[in-house]
Amino acid sequence: MTNNDYKTKRIIVVDDDNIVLSTLKMLLEIEGFSNVNYFDKPENALEYIKENTPELVLSDFLMPDMNGIEFLSEVNKLYPDVSTILLTGYADKENAIKAINTVGIYKYIEKPWDNADLLLSIKNGLERSGLICELNQKIEELSQAKMQLEKYSHSLEEIVLQKTEDLVQSNTKLNAIINFCADGIIIVSKDRKLIQVNPAFENMTGLSANLLENKNIEDLFETSCNELEKITKDKNILVRNLELKNTIEDKSFPVEINFAPIFTENGDEKNYVGVVRNVSLQKEMERLRDDFIATLTHDLRTPLLAAIQTLQFFLDGTLGEIEDRQRTLLDTMKKSNEDMLGLVNALLEVYKYESGKLNLCKTSFLLTQFVEDCIQQIQSLADKKKIQISTNLNEFEDAEIYADRNELRRVVLNLCGNALNHTPDNGSIEIIAQVQGKDLQLSVKDSGTGMPKGDVTKLFKRFSQGSSQKRSAGTGLGLYLSRQIVEAHGGKIWAESELGKGSVFTFLLPDTLRVKERLK
């Protein structure tokens, strides 16, 4: 309590002598006490105290109906921590002291009192009441805190027990998954040494876990696992075309591994987990399927060519004159057989690329002459729809490119053919070449109908029709085959399109452009 804060505390003064009461009132007012309540009867004071908590009670000893000891005893019952002061005469001092020890009064002051002593006693009594009140509050707060701590401690124990049980169950499930998984599971360190393997991987290699641990992963495969170095924090790596060795059976079989990083609490890569899958059956099924398709399509070519040639004999009059209606019907049949032959040829080309049986025959040839030859092959189709085909190749007049001319022509014709099919009459198509070092970038831009952005992601997939809005009449293999050809050259192909604003198909061939010295 600082300054004069104690002078605003509530004080109760009780004395049946009005002269004494007036004297005390004058003294306390002069000293600046502003919250003092005066009573000449202890009964009235008790009624007031029941509704208003006092900080200090000052009472006379001798009063008619209730003496000061009895009055302060009642006050103490209501407020045990309130400081109480008893005013007593010298003659009553001995009785007062006995009573004080019984009741527990804070202090007694003899009459006549010393004003300075009385004022100091009142101040100390008020400070005592305030300190006791603060102490009780702290005790209550500590009691509440203790209860909360005991409750939290009990809850924490339950939480720890529950988490421990959950962790045990999770570990049990995880161990069951790892131990009984049909695929091999490995944990590899950053220096590519095996840390842990599951039983399935032991069976795959024919080696026990203790022999596999600390073994370099590259020693187990026919193909190097340098792909492990490419693992980043935000990307998983699928390693294909690996041959895993089996020491017991002395053979290797194809596998795929999905690698993912294991991070520390700081977010650093510590180890890598890999799921090893035996793809022998998958590879065999793919081989059988591709062989079946290749055989089927190859055997279909002979009867189709024979049918087309026979129909051509009818159409050119070799077998005699035919009527116009017959000519129309035979021409339709011939075109249908030619479309089917085109599909068969496309399937054969796809098979050759996917099976790796087609070797590129690269030569050097002029870029401008190559593009002009491609345009010449589709010019008649463009003229029928009055579509203007232009090029932007002036700066490449003497530039040569090194690639497989026939296969590259197939790509350009596929892209131009798609542009013609999806460009309305009186539209335009532009072939644009760009250079990035020795890399050649060739684009086919049209003013056609375009396509939604969602359809662009479906392009370059096998049998994709390119648009979800309307199915085209093509086989769905043109763009897929174009991607195979470009990727066989080490390049990439992509498309950009917007509905109603045309499309741009672009492919990039790395280290392909050859420019003569005089152009530099």
# chains A, B, ... in the order shown; residues from 1 in each chain; ligands from 1
>>> select_by_dssp(residues="region 85-321 of chain A", states="helix (DSSP H, G or I)", output="PyMOL selection string")
chain A and resi 93-103+115-180+199-205+209-212+217-220+226-230+280-315
>>> residues_around(residues="Val20 (chain A)", least_positions_apart="2", cutoff="12 Å", atoms="only C-alpha atoms", output="number ranges by chain")
A: 13-18, 22-27, 38-40, 59-60, 87, 111-113
>>> closest_residue(among="A:Gly454, A:Asp425, A:Asn203, A:Leu481", to="Leu413 (chain A)", atoms="only C-alpha atoms")
A:Leu481
>>> closest_residue(among="A:Pro261, A:Ile387, A:Thr423, A:Thr363", to="Asn406 (chain A)", atoms="only C-alpha atoms")
A:Thr363
>>> residues_around(residues="region 42-56 of chain A", least_positions_apart="4", cutoff="6 Å", atoms="only C-alpha atoms", output="list in words")
Arg10, Ile11, Val82, Ser83, Thr84, Leu126 and Ser129 of chain A
>>> select_by_dssp(residues="region 309-461 of chain A", states="strand (DSSP E)", output="ChimeraX atom specification")
/A:363-366,388-392,400-403,428-436,439-446
>>> residues_around(residues="region 264-276 of chain A", least_positions_apart="3", cutoff="8 Å", atoms="only C-alpha atoms", output="PyMOL selection string")
chain A and resi 183-190+201+233+255-261
>>> write_last_selection(atoms="all heavy atoms", output="compact mmCIF listing (two decimals), in the first residue's frame")
# COMPACT_ATOMS: atom_id res chain seq x y z
N ASP A 183 5.96 -56.83 -52.39
CA ASP A 183 7.03 -56.05 -53.01
C ASP A 183 8.19 -55.91 -52.03
O ASP A 183 8.01 -55.90 -50.82
CB ASP A 183 6.54 -54.66 -53.41
CG ASP A 183 5.51 -54.73 -54.52
OD1 ASP A 183 5.57 -55.66 -55.33
OD2 ASP A 183 4.63 -53.84 -54.56
N GLY A 184 9.37 -55.79 -52.58
CA GLY A 184 10.54 -55.55 -51.74
C GLY A 184 10.56 -54.13 -51.22
O GLY A 184 10.20 -53.19 -51.94
N ILE A 185 10.95 -53.95 -49.99
CA ILE A 185 11.07 -52.62 -49.37
C ILE A 185 12.49 -52.48 -48.84
O ILE A 185 12.97 -53.33 -48.09
CB ILE A 185 10.05 -52.42 -48.25
CG1 ILE A 185 8.61 -52.52 -48.80
CG2 ILE A 185 10.25 -51.07 -47.57
CD1 ILE A 185 7.54 -52.42 -47.75
N ILE A 186 13.15 -51.39 -49.24
CA ILE A 186 14.53 -51.15 -48.82
C ILE A 186 14.67 -49.74 -48.28
O ILE A 186 13.95 -48.84 -48.69
CB ILE A 186 15.53 -51.37 -49.97
CG1 ILE A 186 15.21 -50.42 -51.13
CG2 ILE A 186 15.51 -52.82 -50.43
CD1 ILE A 186 16.19 -50.50 -52.28
N ILE A 187 15.60 -49.57 -47.34
CA ILE A 187 15.98 -48.23 -46.86
C ILE A 187 17.45 -48.04 -47.19
O ILE A 187 18.29 -48.88 -46.85
CB ILE A 187 15.73 -48.08 -45.35
CG1 ILE A 187 14.22 -48.19 -45.06
CG2 ILE A 187 16.25 -46.73 -44.85
CD1 ILE A 187 13.86 -48.07 -43.60
N VAL A 188 17.74 -46.93 -47.89
CA VAL A 188 19.07 -46.69 -48.43
C VAL A 188 19.61 -45.39 -47.85
O VAL A 188 18.88 -44.40 -47.72
CB VAL A 188 19.03 -46.60 -49.97
CG1 VAL A 188 20.43 -46.46 -50.53
CG2 VAL A 188 18.34 -47.83 -50.56
N SER A 189 20.87 -45.36 -47.49
CA SER A 189 21.51 -44.15 -46.98
C SER A 189 21.87 -43.22 -48.12
O SER A 189 21.76 -43.58 -49.30
CB SER A 189 22.77 -44.51 -46.19
OG SER A 189 23.72 -45.11 -47.05
N LYS A 190 22.34 -42.01 -47.78
CA LYS A 190 22.68 -41.03 -48.80
C LYS A 190 23.87 -41.48 -49.65
O LYS A 190 24.00 -41.06 -50.81
CB LYS A 190 22.99 -39.67 -48.15
CG LYS A 190 21.79 -39.04 -47.47
CD LYS A 190 22.09 -37.64 -46.98
CE LYS A 190 22.21 -36.67 -48.12
NZ LYS A 190 22.31 -35.27 -47.63
N PHE A 201 12.37 -58.62 -50.25
CA PHE A 201 13.59 -58.26 -50.97
C PHE A 201 14.67 -59.33 -50.76
O PHE A 201 15.47 -59.59 -51.67
CB PHE A 201 14.10 -56.90 -50.50
CG PHE A 201 15.19 -56.34 -51.35
CD1 PHE A 201 14.92 -55.80 -52.60
CD2 PHE A 201 16.51 -56.36 -50.91
CE1 PHE A 201 15.94 -55.30 -53.39
CE2 PHE A 201 17.55 -55.86 -51.69
CZ PHE A 201 17.26 -55.33 -52.95
N LYS A 233 13.66 -32.99 -52.41
CA LYS A 233 12.72 -32.94 -51.29
C LYS A 233 11.27 -32.95 -51.74
O LYS A 233 10.39 -33.35 -50.99
CB LYS A 233 12.99 -31.71 -50.44
CG LYS A 233 14.34 -31.72 -49.75
CD LYS A 233 14.53 -30.49 -48.89
CE LYS A 233 15.88 -30.50 -48.21
NZ LYS A 233 16.08 -29.30 -47.37
N VAL A 255 12.92 -55.05 -62.68
CA VAL A 255 12.21 -54.47 -61.54
C VAL A 255 12.07 -52.97 -61.76
O VAL A 255 12.77 -52.37 -62.58
CB VAL A 255 12.96 -54.72 -60.21
CG1 VAL A 255 13.00 -56.19 -59.86
CG2 VAL A 255 14.35 -54.11 -60.25
N GLU A 256 11.14 -52.38 -61.01
CA GLU A 256 10.98 -50.93 -60.92
C GLU A 256 11.06 -50.55 -59.44
O GLU A 256 10.60 -51.31 -58.57
CB GLU A 256 9.64 -50.47 -61.48
CG GLU A 256 9.50 -50.64 -62.98
CD GLU A 256 8.13 -50.18 -63.47
OE1 GLU A 256 7.27 -49.86 -62.62
OE2 GLU A 256 7.93 -50.15 -64.69
N ILE A 257 11.65 -49.39 -59.17
CA ILE A 257 11.78 -48.94 -57.77
C ILE A 257 11.22 -47.53 -57.65
O ILE A 257 11.61 -46.63 -58.40
CB ILE A 257 13.24 -48.94 -57.28
CG1 ILE A 257 13.90 -50.29 -57.54
CG2 ILE A 257 13.29 -48.62 -55.80
CD1 ILE A 257 15.35 -50.35 -57.08
N ASN A 258 10.32 -47.35 -56.72
CA ASN A 258 9.84 -46.02 -56.35
C ASN A 258 10.62 -45.54 -55.14
O ASN A 258 10.52 -46.11 -54.06
CB ASN A 258 8.34 -46.06 -56.00
CG ASN A 258 7.46 -45.94 -57.23
OD1 ASN A 258 7.51 -44.95 -57.93
ND2 ASN A 258 6.67 -46.97 -57.49
N PHE A 259 11.45 -44.50 -55.34
CA PHE A 259 12.25 -43.95 -54.26
C PHE A 259 11.58 -42.70 -53.70
O PHE A 259 11.02 -41.89 -54.44
CB PHE A 259 13.64 -43.56 -54.76
CG PHE A 259 14.61 -44.70 -54.80
CD1 PHE A 259 15.14 -45.14 -56.00
CD2 PHE A 259 14.99 -45.34 -53.63
CE1 PHE A 259 16.03 -46.19 -56.04
CE2 PHE A 259 15.87 -46.40 -53.66
CZ PHE A 259 16.40 -46.83 -54.87
N ALA A 260 11.64 -42.53 -52.39
CA ALA A 260 11.14 -41.32 -51.73
C ALA A 260 12.08 -40.98 -50.58
O ALA A 260 12.59 -41.87 -49.90
CB ALA A 260 9.72 -41.52 -51.21
N PRO A 261 12.34 -39.69 -50.36
CA PRO A 261 13.26 -39.30 -49.28
C PRO A 261 12.62 -39.42 -47.91
O PRO A 261 11.41 -39.25 -47.75
CB PRO A 261 13.59 -37.84 -49.61
CG PRO A 261 12.40 -37.35 -50.38
CD PRO A 261 11.88 -38.53 -51.14
>>> atom_distance(atom1="CA of Ala306 (chain A)", atom2="CA of Glu338 (chain A)")
11.0 Å
>>> closest_residue(among="A:Arg277, A:Arg301, A:Lys384, A:Lys215", to="Leu244 (chain A)", atoms="only C-alpha atoms")
A:Arg277
>>> residues_around(residues="Leu341 (chain A)", least_positions_apart="2", cutoff="8 Å", atoms="only C-alpha atoms", output="PyMOL selection string")
chain A and resi 301+304-305+337-339+343-345
>>> write_last_selection(atoms="N, CA, C and O atoms", output="tab-separated table (two decimals), in the first residue's frame")
chain	number	residue	atom	x	y	z
A	301	ARG	N	-1.91	-56.16	-93.79
A	301	ARG	CA	-1.48	-55.29	-94.87
A	301	ARG	C	-1.66	-55.96	-96.24
A	301	ARG	O	-2.11	-55.31	-97.19
A	304	LEU	N	-5.30	-55.99	-97.50
A	304	LEU	CA	-5.74	-54.62	-97.71
A	304	LEU	C	-5.14	-54.04	-98.99
A	304	LEU	O	-5.83	-53.39	-99.79
A	305	LEU	N	-3.84	-54.28	-99.19
A	305	LEU	CA	-3.20	-53.81	-100.42
A	305	LEU	C	-3.82	-54.47	-101.65
A	305	LEU	O	-4.02	-53.81	-102.69
A	337	ASN	N	-10.64	-48.66	-97.34
A	337	ASN	CA	-9.52	-49.59	-97.22
A	337	ASN	C	-8.21	-48.86	-97.03
A	337	ASN	O	-7.33	-49.32	-96.30
A	338	GLU	N	-8.06	-47.70	-97.69
A	338	GLU	CA	-6.84	-46.91	-97.51
A	338	GLU	C	-6.75	-46.37	-96.08
A	338	GLU	O	-5.65	-46.32	-95.49
A	339	ASP	N	-7.89	-45.94	-95.51
A	339	ASP	CA	-7.89	-45.49	-94.11
A	339	ASP	C	-7.48	-46.63	-93.18
A	339	ASP	O	-6.71	-46.43	-92.23
A	343	LEU	N	-4.19	-46.97	-90.67
A	343	LEU	CA	-4.21	-47.34	-89.25
A	343	LEU	C	-3.26	-48.50	-88.99
A	343	LEU	O	-2.51	-48.50	-88.00
A	344	VAL	N	-3.27	-49.49	-89.88
A	344	VAL	CA	-2.37	-50.64	-89.71
A	344	VAL	C	-0.92	-50.19	-89.75
A	344	VAL	O	-0.09	-50.61	-88.93
A	345	ASN	N	-0.58	-49.32	-90.70
A	345	ASN	CA	0.79	-48.82	-90.80
A	345	ASN	C	1.19	-48.03	-89.55
A	345	ASN	O	2.32	-48.12	-89.06
>>> residues_around(residues="Gln369 (chain A)", least_positions_apart="6", cutoff="10 Å", atoms="only C-alpha atoms", output="count of residues only")
5
>>> residues_around(residues="Ser497 (chain A)", least_positions_apart="6", cutoff="7 Å", atoms="only C-alpha atoms", output="count of residues only")
5
>>> atom_distance(atom1="CA of Met204 (chain A)", atom2="CA of Asp291 (chain A)")
28.2 Å
>>> atom_distance(atom1="CA of Lys362 (chain A)", atom2="CA of Thr512 (chain A)")
10.2 Å
>>> closest_residue(among="A:Lys163, A:Lys458, A:Lys41, A:Lys107", to="Asp65 (chain A)", atoms="only C-alpha atoms")
A:Lys41
